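Participant: Structure file data.cif (mmCIF, C-alpha atoms) is given on the next line.
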data_model
#
loop_
_atom_site.group_PDB
_atom_site.id
_atom_site.type_symbol
_atom_site.label_atom_id
_atom_site.label_comp_id
_atom_site.auth_asym_id
_atom_site.auth_seq_id
_atom_site.Cartn_x
_atom_site.Cartn_y
_atom_site.Cartn_z
ATOM 1 C CA MET A 1 150.342 91.437 115.645
ATOM 2 C CA LYS A 2 149.725 91.048 111.926
ATOM 3 C CA LYS A 3 146.220 89.607 112.533
ATOM 4 C CA LYS A 4 145.402 92.524 114.831
ATOM 5 C CA ARG A 5 146.473 94.999 112.162
ATOM 6 C CA ILE A 6 144.287 93.264 109.569
ATOM 7 C CA LYS A 7 141.281 93.445 111.921
ATOM 8 C CA ILE A 8 141.830 97.172 112.426
ATOM 9 C CA ILE A 9 142.015 97.730 108.663
ATOM 10 C CA ILE A 10 138.799 95.753 108.128
ATOM 11 C CA ILE A 11 137.026 97.793 110.817
ATOM 12 C CA LEU A 12 138.221 101.068 109.289
ATOM 13 C CA ILE A 13 137.067 100.010 105.822
ATOM 14 C CA SER A 14 133.662 98.998 107.218
ATOM 15 C CA VAL A 15 133.256 102.338 108.989
ATOM 16 C CA PHE A 16 134.256 104.136 105.803
ATOM 17 C CA LEU A 17 131.700 102.231 103.688
ATOM 18 C CA ILE A 18 128.921 102.833 106.227
ATOM 19 C CA SER A 19 129.762 106.551 106.293
ATOM 20 C CA ILE A 20 129.626 106.729 102.507
ATOM 21 C CA SER A 21 126.230 104.965 102.481
ATOM 22 C CA ILE A 22 124.788 107.380 105.041
ATOM 23 C CA TYR A 23 126.200 110.340 103.107
ATOM 24 C CA LEU A 24 124.626 109.174 99.838
ATOM 25 C CA LEU A 25 121.280 108.567 101.534
ATOM 26 C CA ARG A 26 121.279 112.057 103.027
ATOM 27 C CA LEU A 27 122.406 113.557 99.714
ATOM 28 C CA GLN A 28 119.374 112.005 98.011
ATOM 29 C CA ASN A 29 117.080 113.999 100.275
ATOM 30 C CA GLN A 30 119.333 117.012 100.783
ATOM 31 C CA SER A 31 116.879 119.465 99.245
ATOM 32 C CA PHE A 32 114.727 118.831 102.331
ATOM 33 C CA TYR A 33 117.520 119.138 104.884
ATOM 34 C CA ASN A 34 119.709 121.852 103.375
ATOM 35 C CA SER A 35 117.935 125.002 102.246
ATOM 36 C CA ASP A 36 120.941 126.078 100.167
ATOM 37 C CA TYR A 37 120.849 122.994 97.940
ATOM 38 C CA ILE A 38 118.309 122.190 95.242
ATOM 39 C CA CYS A 39 118.187 118.488 94.519
ATOM 40 C CA GLU A 40 118.577 117.505 90.878
ATOM 41 C CA TYR A 41 115.343 115.500 90.845
ATOM 42 C CA ASP A 42 113.467 114.945 87.625
ATOM 43 C CA GLU A 43 109.959 116.220 88.423
ATOM 44 C CA THR A 44 108.487 113.569 86.142
ATOM 45 C CA LYS A 45 110.002 110.827 88.326
ATOM 46 C CA ALA A 46 108.678 111.251 91.836
ATOM 47 C CA TYR A 47 109.549 108.416 94.198
ATOM 48 C CA PRO A 48 107.347 106.297 96.482
ATOM 49 C CA LEU A 49 107.876 106.415 100.230
ATOM 50 C CA SER A 50 108.926 103.310 102.142
ATOM 51 C CA LEU A 51 106.175 103.826 104.705
ATOM 52 C CA GLU A 52 102.938 102.195 105.757
ATOM 53 C CA LEU A 53 100.258 104.888 105.432
ATOM 54 C CA TYR A 54 96.502 105.145 105.805
ATOM 55 C CA SER A 55 96.309 107.299 102.645
ATOM 56 C CA ASP A 56 95.927 105.583 99.287
ATOM 57 C CA HIS A 57 97.359 108.550 97.350
ATOM 58 C CA TYR A 58 100.075 111.060 98.191
ATOM 59 C CA TYR A 59 102.130 113.747 96.498
ATOM 60 C CA ILE A 60 104.927 115.895 97.940
ATOM 61 C CA PHE A 61 106.492 118.704 95.931
ATOM 62 C CA ASN A 62 108.403 121.959 96.249
ATOM 63 C CA VAL A 63 105.959 124.819 95.698
ATOM 64 C CA ASP A 64 108.732 127.313 94.904
ATOM 65 C CA THR A 65 110.427 125.241 92.201
ATOM 66 C CA GLY A 66 107.623 122.873 91.150
ATOM 67 C CA ILE A 67 109.965 119.893 91.620
ATOM 68 C CA ASP A 68 108.298 116.629 92.645
ATOM 69 C CA TYR A 69 109.813 114.447 95.357
ATOM 70 C CA TYR A 70 107.517 111.678 96.548
ATOM 71 C CA ALA A 71 104.296 110.445 94.982
ATOM 72 C CA TYR A 72 101.969 107.487 94.793
ATOM 73 C CA LYS A 73 98.862 107.249 92.584
ATOM 74 C CA GLU A 74 99.035 110.999 91.987
ATOM 75 C CA ASP A 75 97.506 110.544 88.502
ATOM 76 C CA GLU A 76 94.513 108.495 89.605
ATOM 77 C CA ILE A 77 91.016 109.956 89.924
ATOM 78 C CA ILE A 78 89.867 110.930 93.428
ATOM 79 C CA TYR A 79 86.815 112.627 94.927
ATOM 80 C CA PRO A 80 88.267 115.824 96.438
ATOM 81 C CA ALA A 81 85.576 116.563 99.065
ATOM 82 C CA SER A 82 86.209 120.001 100.623
ATOM 83 C CA ILE A 83 89.591 120.311 98.911
ATOM 84 C CA THR A 84 87.213 121.545 96.178
ATOM 85 C CA LYS A 85 86.976 124.826 98.076
ATOM 86 C CA LEU A 86 90.528 125.588 96.941
ATOM 87 C CA MET A 87 89.185 125.608 93.381
ATOM 88 C CA THR A 88 86.277 127.808 94.475
ATOM 89 C CA LEU A 89 88.730 130.195 96.135
ATOM 90 C CA ASP A 90 91.027 130.365 93.114
ATOM 91 C CA THR A 91 88.088 130.978 90.760
ATOM 92 C CA ILE A 92 86.598 133.812 92.814
ATOM 93 C CA LEU A 93 89.960 135.535 93.150
ATOM 94 C CA ASN A 94 90.265 135.486 89.353
ATOM 95 C CA LEU A 95 86.850 137.087 88.783
ATOM 96 C CA ASN A 96 86.394 140.835 88.498
ATOM 97 C CA VAL A 97 84.939 141.419 91.949
ATOM 98 C CA SER A 98 85.810 143.575 94.931
ATOM 99 C CA LEU A 99 86.591 141.641 98.083
ATOM 100 C CA ASP A 100 84.957 144.497 100.020
ATOM 101 C CA ASP A 101 81.543 143.846 98.454
ATOM 102 C CA GLU A 102 79.040 142.841 101.127
ATOM 103 C CA ILE A 103 76.625 139.923 101.156
ATOM 104 C CA VAL A 104 73.712 139.526 103.562
ATOM 105 C CA VAL A 105 73.335 135.899 104.635
ATOM 106 C CA SER A 106 69.886 134.349 104.182
ATOM 107 C CA TYR A 107 68.185 131.188 105.445
ATOM 108 C CA ASP A 108 68.604 129.715 101.951
ATOM 109 C CA ASP A 109 72.376 129.666 102.467
ATOM 110 C CA PHE A 110 71.901 126.837 104.981
ATOM 111 C CA ASP A 111 69.967 124.530 102.642
ATOM 112 C CA LEU A 112 72.967 122.228 102.146
ATOM 113 C CA MET A 113 73.463 121.806 105.867
ATOM 114 C CA TYR A 114 69.893 120.614 106.284
ATOM 115 C CA ALA A 115 69.749 118.563 103.083
ATOM 116 C CA ARG A 116 73.152 116.843 103.206
ATOM 117 C CA ASN A 117 74.597 117.602 106.624
ATOM 118 C CA ALA A 118 77.395 119.719 105.178
ATOM 119 C CA SER A 119 79.954 121.448 107.384
ATOM 120 C CA VAL A 120 79.189 125.107 108.131
ATOM 121 C CA ALA A 121 81.068 128.125 109.413
ATOM 122 C CA GLY A 122 78.046 129.233 111.431
ATOM 123 C CA LEU A 123 77.239 132.473 109.637
ATOM 124 C CA THR A 124 74.497 134.598 111.174
ATOM 125 C CA VAL A 125 71.325 134.940 109.111
ATOM 126 C CA GLY A 126 70.616 138.602 108.360
ATOM 127 C CA SER A 127 74.205 139.671 109.005
ATOM 128 C CA SER A 128 76.388 141.290 106.347
ATOM 129 C CA TYR A 129 79.796 139.899 105.429
ATOM 130 C CA THR A 130 82.393 141.022 102.925
ATOM 131 C CA ILE A 131 83.411 138.590 100.195
ATOM 132 C CA GLU A 132 86.805 138.383 101.901
ATOM 133 C CA ASP A 133 85.123 137.377 105.183
ATOM 134 C CA LEU A 134 83.213 134.652 103.370
ATOM 135 C CA LEU A 135 86.355 133.333 101.696
ATOM 136 C CA TYR A 136 87.933 132.847 105.123
ATOM 137 C CA ALA A 137 84.697 131.261 106.404
ATOM 138 C CA MET A 138 84.681 128.945 103.390
ATOM 139 C CA VAL A 139 88.300 127.778 103.685
ATOM 140 C CA LEU A 140 89.176 127.731 107.395
ATOM 141 C CA PRO A 141 86.176 125.916 108.951
ATOM 142 C CA SER A 142 85.116 124.640 105.503
ATOM 143 C CA GLY A 143 81.787 126.451 105.576
ATOM 144 C CA ALA A 144 79.250 125.268 103.008
ATOM 145 C CA ASP A 145 77.045 128.182 104.173
ATOM 146 C CA ALA A 146 79.764 130.572 102.959
ATOM 147 C CA CYS A 147 79.900 128.714 99.614
ATOM 148 C CA GLU A 148 76.135 129.059 99.231
ATOM 149 C CA ALA A 149 76.189 132.781 100.035
ATOM 150 C CA LEU A 150 78.986 133.369 97.525
ATOM 151 C CA GLU A 151 77.308 131.254 94.859
ATOM 152 C CA ARG A 152 74.061 133.213 95.314
ATOM 153 C CA TYR A 153 75.945 136.521 95.071
ATOM 154 C CA PHE A 154 77.418 135.573 91.699
ATOM 155 C CA LEU A 155 74.186 134.042 90.407
ATOM 156 C CA GLU A 156 72.440 137.370 91.051
ATOM 157 C CA ARG A 157 75.038 138.845 88.681
ATOM 158 C CA ASP A 158 74.436 136.168 86.040
ATOM 159 C CA ILE A 159 77.673 134.348 86.849
ATOM 160 C CA ASP A 160 77.562 130.578 87.185
ATOM 161 C CA LEU A 161 80.343 129.976 89.701
ATOM 162 C CA VAL A 162 80.619 126.228 89.022
ATOM 163 C CA ALA A 163 80.919 126.859 85.272
ATOM 164 C CA LYS A 164 83.655 129.400 86.014
ATOM 165 C CA MET A 165 85.444 126.823 88.162
ATOM 166 C CA ASN A 166 85.573 124.414 85.236
ATOM 167 C CA GLU A 167 86.772 127.193 82.923
ATOM 168 C CA ARG A 168 89.491 128.042 85.420
ATOM 169 C CA ALA A 169 90.499 124.374 85.649
ATOM 170 C CA LYS A 170 91.004 124.319 81.877
ATOM 171 C CA GLU A 171 93.140 127.474 82.083
ATOM 172 C CA LEU A 172 95.329 125.775 84.690
ATOM 173 C CA LYS A 173 95.515 122.622 82.512
ATOM 174 C CA MET A 174 93.820 120.527 85.179
ATOM 175 C CA ASP A 175 92.860 118.076 82.461
ATOM 176 C CA ASN A 176 91.501 115.328 84.712
ATOM 177 C CA SER A 177 89.294 117.549 86.863
ATOM 178 C CA HIS A 178 85.588 118.295 86.686
ATOM 179 C CA PHE A 179 83.501 120.157 89.253
ATOM 180 C CA ILE A 180 79.774 119.834 89.897
ATOM 181 C CA ASN A 181 79.514 122.089 92.957
ATOM 182 C CA THR A 182 81.451 124.660 95.004
ATOM 183 C CA THR A 183 81.578 122.645 98.223
ATOM 184 C CA GLY A 184 82.975 119.224 97.355
ATOM 185 C CA LEU A 185 79.895 117.270 98.382
ATOM 186 C CA TYR A 186 80.009 113.924 96.606
ATOM 187 C CA GLU A 187 78.827 113.599 93.015
ATOM 188 C CA ASP A 188 79.889 110.809 90.634
ATOM 189 C CA GLU A 189 81.434 113.254 88.158
ATOM 190 C CA HIS A 190 82.959 115.630 90.693
ATOM 191 C CA VAL A 191 86.572 114.472 90.370
ATOM 192 C CA THR A 192 90.210 115.486 90.209
ATOM 193 C CA THR A 193 93.730 114.072 90.741
ATOM 194 C CA LEU A 194 96.529 115.058 93.092
ATOM 195 C CA LYS A 195 98.604 116.034 90.066
ATOM 196 C CA ASP A 196 95.876 118.476 89.033
ATOM 197 C CA ILE A 197 95.638 119.840 92.565
ATOM 198 C CA LYS A 198 99.368 120.559 92.412
ATOM 199 C CA LYS A 199 98.727 123.021 89.575
ATOM 200 C CA LEU A 200 95.979 124.642 91.620
ATOM 201 C CA VAL A 201 98.126 124.912 94.760
ATOM 202 C CA ILE A 202 101.004 126.552 92.884
ATOM 203 C CA ASP A 203 98.573 129.079 91.390
ATOM 204 C CA LEU A 204 97.073 129.867 94.811
ATOM 205 C CA TYR A 205 100.521 130.134 96.381
ATOM 206 C CA ALA A 206 101.399 132.908 93.915
ATOM 207 C CA ASP A 207 98.306 134.937 94.891
ATOM 208 C CA GLU A 208 98.833 137.140 97.945
ATOM 209 C CA VAL A 209 95.215 137.013 99.147
ATOM 210 C CA ALA A 210 94.973 133.242 98.657
ATOM 211 C CA TYR A 211 98.249 132.698 100.496
ATOM 212 C CA ASP A 212 97.058 134.844 103.407
ATOM 213 C CA ILE A 213 93.861 132.787 103.662
ATOM 214 C CA LEU A 214 95.585 129.409 103.394
ATOM 215 C CA SER A 215 98.238 130.369 105.956
ATOM 216 C CA THR A 216 95.756 131.636 108.559
ATOM 217 C CA PHE A 217 94.832 129.497 111.545
ATOM 218 C CA GLU A 218 92.400 131.963 113.135
ATOM 219 C CA TYR A 219 90.291 134.720 111.556
ATOM 220 C CA VAL A 220 88.092 137.250 113.354
ATOM 221 C CA THR A 221 85.309 139.304 111.795
ATOM 222 C CA GLY A 222 83.073 141.306 114.089
ATOM 223 C CA ASP A 223 82.076 139.048 116.970
ATOM 224 C CA GLU A 224 82.730 135.857 114.999
ATOM 225 C CA LYS A 225 85.886 133.770 114.933
ATOM 226 C CA TYR A 226 86.830 131.024 112.478
ATOM 227 C CA TYR A 227 89.530 128.404 113.030
ATOM 228 C CA SER A 228 91.370 126.408 110.393
ATOM 229 C CA SER A 229 90.647 122.692 110.402
ATOM 230 C CA LEU A 230 94.434 122.250 110.697
ATOM 231 C CA TYR A 231 94.299 124.126 114.001
ATOM 232 C CA HIS A 232 91.952 121.502 115.396
ATOM 233 C CA LEU A 233 94.412 118.829 114.262
ATOM 234 C CA GLY A 234 97.169 120.486 116.306
ATOM 235 C CA MET A 235 99.276 121.446 113.306
ATOM 236 C CA ASP A 236 99.777 125.049 114.385
ATOM 237 C CA ASP A 237 102.567 124.102 116.836
ATOM 238 C CA TYR A 238 104.392 121.277 115.053
ATOM 239 C CA GLU A 239 108.117 121.829 115.711
ATOM 240 C CA THR A 240 110.173 119.934 113.112
ATOM 241 C CA VAL A 241 108.998 122.118 110.213
ATOM 242 C CA GLU A 242 106.897 125.278 110.070
ATOM 243 C CA ILE A 243 103.395 124.284 109.009
ATOM 244 C CA LEU A 244 101.953 127.295 107.211
ATOM 245 C CA GLY A 245 98.383 126.111 106.715
ATOM 246 C CA GLY A 246 96.250 124.127 104.336
ATOM 247 C CA LYS A 247 92.854 122.492 103.888
ATOM 248 C CA THR A 248 91.112 119.259 104.848
ATOM 249 C CA GLY A 249 88.212 117.427 103.232
ATOM 250 C CA TYR A 250 85.983 114.489 104.018
ATOM 251 C CA THR A 251 82.986 112.683 102.623
ATOM 252 C CA TYR A 252 82.102 109.026 103.034
ATOM 253 C CA GLU A 253 83.066 108.366 99.401
ATOM 254 C CA SER A 254 86.272 110.423 99.337
ATOM 255 C CA LYS A 255 87.445 109.403 102.819
ATOM 256 C CA GLN A 256 89.918 111.821 104.434
ATOM 257 C CA ASN A 257 91.887 114.209 102.224
ATOM 258 C CA ILE A 258 94.332 116.923 103.222
ATOM 259 C CA MET A 259 96.575 119.604 101.724
ATOM 260 C CA VAL A 260 99.374 120.945 103.934
ATOM 261 C CA LEU A 261 101.775 123.773 103.109
ATOM 262 C CA TYR A 262 104.947 123.813 105.162
ATOM 263 C CA ARG A 263 108.308 125.534 105.135
ATOM 264 C CA HIS A 264 111.687 123.958 105.711
ATOM 265 C CA GLY A 265 114.773 126.100 105.287
ATOM 266 C CA ALA A 266 114.325 128.543 102.417
ATOM 267 C CA TYR A 267 111.619 126.570 100.610
ATOM 268 C CA THR A 268 107.907 125.917 100.854
ATOM 269 C CA PHE A 269 106.617 122.402 100.238
ATOM 270 C CA CYS A 270 103.161 120.937 99.757
ATOM 271 C CA MET A 271 101.917 117.574 100.948
ATOM 272 C CA LEU A 272 98.726 116.212 99.378
ATOM 273 C CA LEU A 273 97.083 113.079 100.793
ATOM 274 C CA ALA A 274 93.875 111.412 99.640
ATOM 275 C CA GLU A 275 91.643 108.530 100.695
ATOM 276 C CA ALA A 276 93.058 108.115 104.192
ATOM 277 C CA ASP A 277 90.979 105.508 105.968
ATOM 278 C CA GLY A 278 90.961 103.377 109.097
ATOM 279 C CA GLU A 279 88.698 102.525 111.976
ATOM 280 C CA GLU A 280 85.833 104.949 112.563
ATOM 281 C CA GLY A 281 86.728 108.126 114.442
ATOM 282 C CA GLY A 282 90.446 108.474 113.687
ATOM 283 C CA GLN A 283 92.193 111.458 112.107
ATOM 284 C CA TYR A 284 94.095 109.287 109.661
ATOM 285 C CA HIS A 285 95.100 112.050 107.246
ATOM 286 C CA ALA A 286 96.744 113.939 110.137
ATOM 287 C CA ALA A 287 98.469 110.770 111.344
ATOM 288 C CA ASP A 288 99.977 110.318 107.876
ATOM 289 C CA VAL A 289 101.169 113.935 107.769
ATOM 290 C CA TYR A 290 103.070 113.443 111.022
ATOM 291 C CA THR A 291 104.422 110.053 109.931
ATOM 292 C CA ILE A 292 105.797 111.499 106.696
ATOM 293 C CA LEU A 293 107.242 114.638 108.289
ATOM 294 C CA ASP A 294 108.914 112.635 111.036
ATOM 295 C CA TYR A 295 110.366 110.319 108.405
ATOM 296 C CA LEU A 296 111.681 113.094 106.147
ATOM 297 C CA TYR A 297 113.037 115.382 108.850
ATOM 298 C CA ALA A 298 114.228 112.964 111.524
ATOM 299 C CA PHE A 299 117.849 114.109 111.237
#
Re-express the file's structure as structure tokens.

Facilitator:
Amino acid sequence: MKKKRIKIIIILISVFLISISIYLLRLQNQSFYNSDYICEYDETKAYPLSLELYSDHYYIFNVDTGIDYYAYKEDEIIYPASITKLMTLDTILNLNVSLDDEIVVSYDDFDLMYARNASVAGLTVGSSYTIEDLLYAMVLPSGADACEALERYFLERDIDLVAKMNERAKELKMDNSHFINTTGLYEDEHVTTLKDIKKLVIDLYADEVAYDILSTFEYVTGDEKYYSSLYHLGMDDYETVEILGGKTGYTYESKQNIMVLYRHGAYTFCMLLAEADGEEGGQYHAADVYTILDYLYAF
């Protein structure tokens, strides 16, 4: 009888210790699971994830509070590819220009597509678009033709858009970033870091027009329709969290990069991934997004 009682006590103690361990583990990540609780993380001490990922860099932070949660190689230099278009967007929205101004697309706006096989939105030569239309065409389908049309518009007004992008980067204290073009096509000195992109994302998130663009999966202007690259990755109907939108980027040198904004509870978070790579043909950045979200929000 005495031995049986001792066994019961041991079992109860074991259950208690396991329960405490689970509670502490959940408490560590409670800012993700409970929207009424803000975790007391030190934003200078982001933690690595215990996951096997295709991406060589990642950074997850709360956009509302600026608090960092998980990061790996967020300070190292990367080639941003079309994530660059977020910088182009931010710069244009901070210039003194009306979004209703119209630009007529010319054949010259497709030079990059022919010269370097850049992605295009498929603008119609001879057609007129507002600057706002072109911003959607630039971000959602990652149109280099829209970048070219916008760059030409500003050049005709004696504004060097790339120079303004670098000025804007300095204003945002993106100290490890330098931009050579508006599109993100590879250049040796066209670089940034995920930590710098965080500053850019927070600035864009605070801008109503930028937020509307980044959180749109489908945009219609006239007879033309543009879809977000995240739509083609199936992120518009992910169920565990509400994916708001984002931006993808790829060049051979940069590999696959992605920025995803998502909401869980009362807060908006950002996931940045860079240099995702695997066998030819895979969407490795998207695979990592799902792996991380499933890991963080499995409960």

Participant: Selection in question (the file shown): the PyMOL selection byres ((chain A and resi 174-186) around 7). Which residues does it include, as a list in words?

Facilitator: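 Applying the PyMOL selection byres ((chain A and resi 174-186) around 7) to the structure shown produces Pro80, Ala81, Ser82, Ile83, Thr84, Lys85, Thr88, Ala144, Cys147, Val162, Asn166, Ala169, Lys170, Leu172, Lys173, Glu187, Asp188, Glu189, His190, Val191, Thr192, Thr193, Asp196, Thr251 and Glu253 of chain A.
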
Participant: List the spatial neighbours of region 148-156 of chain A as an mmCIF file with C-alpha atoms, keeping the file's coordinate frame - criterion: any atom at most 9 Å away, only C-alpha atoms, same-chain residues fewer than 4 positions off excluded.

Facilitator:
data_model
loop_
_atom_site.group_PDB
_atom_site.id
_atom_site.type_symbol
_atom_site.label_atom_id
_atom_site.label_comp_id
_atom_site.auth_asym_id
_atom_site.auth_seq_id
_atom_site.Cartn_x
_atom_site.Cartn_y
_atom_site.Cartn_z
ATOM 1 C CA ILE A 92 86.598 133.812 92.814
ATOM 2 C CA ILE A 103 76.625 139.923 101.156
ATOM 3 C CA VAL A 104 73.712 139.526 103.562
ATOM 4 C CA VAL A 105 73.335 135.899 104.635
ATOM 5 C CA SER A 106 69.886 134.349 104.182
ATOM 6 C CA ASP A 108 68.604 129.715 101.951
ATOM 7 C CA ASP A 109 72.376 129.666 102.467
ATOM 8 C CA PHE A 110 71.901 126.837 104.981
ATOM 9 C CA ASP A 111 69.967 124.530 102.642
ATOM 10 C CA LEU A 112 72.967 122.228 102.146
ATOM 11 C CA ILE A 131 83.411 138.590 100.195
ATOM 12 C CA LEU A 134 83.213 134.652 103.370
ATOM 13 C CA LEU A 135 86.355 133.333 101.696
ATOM 14 C CA GLY A 143 81.787 126.451 105.576
ATOM 15 C CA ALA A 144 79.250 125.268 103.008
ATOM 16 C CA ASP A 160 77.562 130.578 87.185
ATOM 17 C CA LEU A 161 80.343 129.976 89.701
ATOM 18 C CA VAL A 162 80.619 126.228 89.022
ATOM 19 C CA THR A 182 81.451 124.660 95.004
ATOM 20 C CA THR A 183 81.578 122.645 98.223
#

Participant: In Å, how far is it from CA of His57 (chain A) to CA of Val139 (chain A)?

Facilitator: 22.2 Å

Participant: Counting only C-alpha atoms, which of A:Ala163, A:Tyr227, A:Ser50, A:Ile213 gets nearest to Gly122 (chain A)?

Facilitator: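 That would be A:Tyr227, the residue with the smallest distance to Gly122 (chain A).
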
Participant: Give me the residues within 9 Å of Gly66 (chain A) as a list of chain:residue names, counting only C-alpha atoms and dropping any in the same chain fewer than 2 places off.

Facilitator: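 My list of contacting residues is A:Glu43, A:Phe61, A:Asn62, A:Val63, A:Asp64, A:Asp68, A:Lys198, A:Ile202.
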
Participant: Carefully work through the PyMOL selection byres ((chain A and resi 235) around 10) for this structure and note down the residues it includes, as number ranges by chain.

Facilitator: A: 217, 228-234, 236-239, 242-246, 260, 286, 289-290

Participant: Pick the closest to Leu53 (chain A) from A:Ile78, A:Gly222, A:Thr216, A:Tyr72: which is it, counting all atoms listed in the file?

Facilitator: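 Comparing A:Ile78, A:Gly222, A:Thr216, A:Tyr72 against Leu53 (chain A), the winner is A:Tyr72.
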
Participant: Which is closest to Leu123 (chain A) among A:Tyr54, A:Tyr59, A:Tyr226, A:Tyr47, if we use all atoms listed in the file?

Facilitator: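 With all atoms listed in the file as the atom set, the closest residue is A:Tyr226.
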
Participant: Rounded to one decimal place, report the CA of Thr291 (chain A)-CA of Leu49 (chain A) distance in Å.

Facilitator: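 It comes out at 10.9 Å.
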
Participant: Quick one: distance from CA of Lys247 (chain A) to CA of Gly126 (chain A) in Å, one decimal?

Facilitator: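 CA of Gly126 (chain A) lies at a distance of 27.8 Å from CA of Lys247 (chain A).
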
Participant: Just checking: using only C-alpha atoms, which residue out of A:Ile77, A:Leu200, A:Val220, A:Ala298 ends up closest to Ala274 (chain A)?

Facilitator: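 Counting only C-alpha atoms, the residue closest to Ala274 (chain A) is A:Ile77.
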
Participant: Can you work out which one of A:Thr221, A:Ser55, A:Thr91, A:Ser128 has the shortest atom-to-atom distance to Ala276 (chain A), counting only C-alpha atoms?

Facilitator: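 Using only C-alpha atoms, Ala276 (chain A) sits closest to A:Ser55.
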
Participant: Choose the residue, out of A:Phe269, A:His285, A:Ala137, A:Leu86, that has the smallest atom-to-atom separation from Ile60 (chain A); count all atoms listed in the file.

Facilitator: A:Phe269

Participant: If you keep all heavy atoms, can you output region 195-200 of chain A as a short mmCIF file (atom, residue, chain, number, x, y, z; two decimals), in the first residue's frame?

Facilitator:
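Result file is result.cif:
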data_model
loop_
_atom_site.label_atom_id
_atom_site.label_comp_id
_atom_site.auth_asym_id
_atom_site.auth_seq_id
_atom_site.Cartn_x
_atom_site.Cartn_y
_atom_site.Cartn_z
N LYS A 195 17.86 43.90 -41.22
CA LYS A 195 17.65 44.87 -40.14
C LYS A 195 17.31 46.25 -40.71
O LYS A 195 16.51 47.00 -40.15
CB LYS A 195 18.87 44.94 -39.24
CG LYS A 195 18.54 45.51 -37.85
CD LYS A 195 19.41 44.88 -36.78
CE LYS A 195 18.84 45.13 -35.41
NZ LYS A 195 19.62 44.47 -34.34
N ASP A 196 17.93 46.59 -41.85
CA ASP A 196 17.59 47.84 -42.51
C ASP A 196 16.18 47.78 -43.10
O ASP A 196 15.43 48.76 -43.05
CB ASP A 196 18.60 48.15 -43.63
CG ASP A 196 19.83 48.87 -43.11
OD1 ASP A 196 19.93 49.10 -41.88
OD2 ASP A 196 20.72 49.20 -43.93
N ILE A 197 15.84 46.64 -43.67
CA ILE A 197 14.50 46.50 -44.26
C ILE A 197 13.42 46.63 -43.20
O ILE A 197 12.33 47.12 -43.46
CB ILE A 197 14.39 45.16 -45.02
CG1 ILE A 197 15.35 45.15 -46.21
CG2 ILE A 197 12.96 44.95 -45.53
CD1 ILE A 197 15.41 43.82 -46.94
N LYS A 198 13.73 46.20 -41.97
CA LYS A 198 12.78 46.39 -40.88
C LYS A 198 12.40 47.86 -40.74
O LYS A 198 11.22 48.20 -40.59
CB LYS A 198 13.37 45.88 -39.55
CG LYS A 198 12.49 46.21 -38.35
CD LYS A 198 13.18 45.94 -37.02
CE LYS A 198 12.30 46.41 -35.86
NZ LYS A 198 12.93 46.15 -34.54
N LYS A 199 13.38 48.74 -40.77
CA LYS A 199 13.11 50.18 -40.64
C LYS A 199 12.22 50.67 -41.78
O LYS A 199 11.32 51.49 -41.58
CB LYS A 199 14.43 50.95 -40.62
CG LYS A 199 15.32 50.58 -39.44
CD LYS A 199 16.71 51.17 -39.58
CE LYS A 199 17.63 50.68 -38.46
NZ LYS A 199 19.02 51.17 -38.60
N LEU A 200 12.47 50.14 -42.96
CA LEU A 200 11.67 50.51 -44.13
C LEU A 200 10.25 50.00 -44.00
O LEU A 200 9.29 50.74 -44.27
CB LEU A 200 12.34 49.92 -45.38
CG LEU A 200 11.60 50.07 -46.71
CD1 LEU A 200 11.37 51.53 -47.05
CD2 LEU A 200 12.37 49.36 -47.82
#
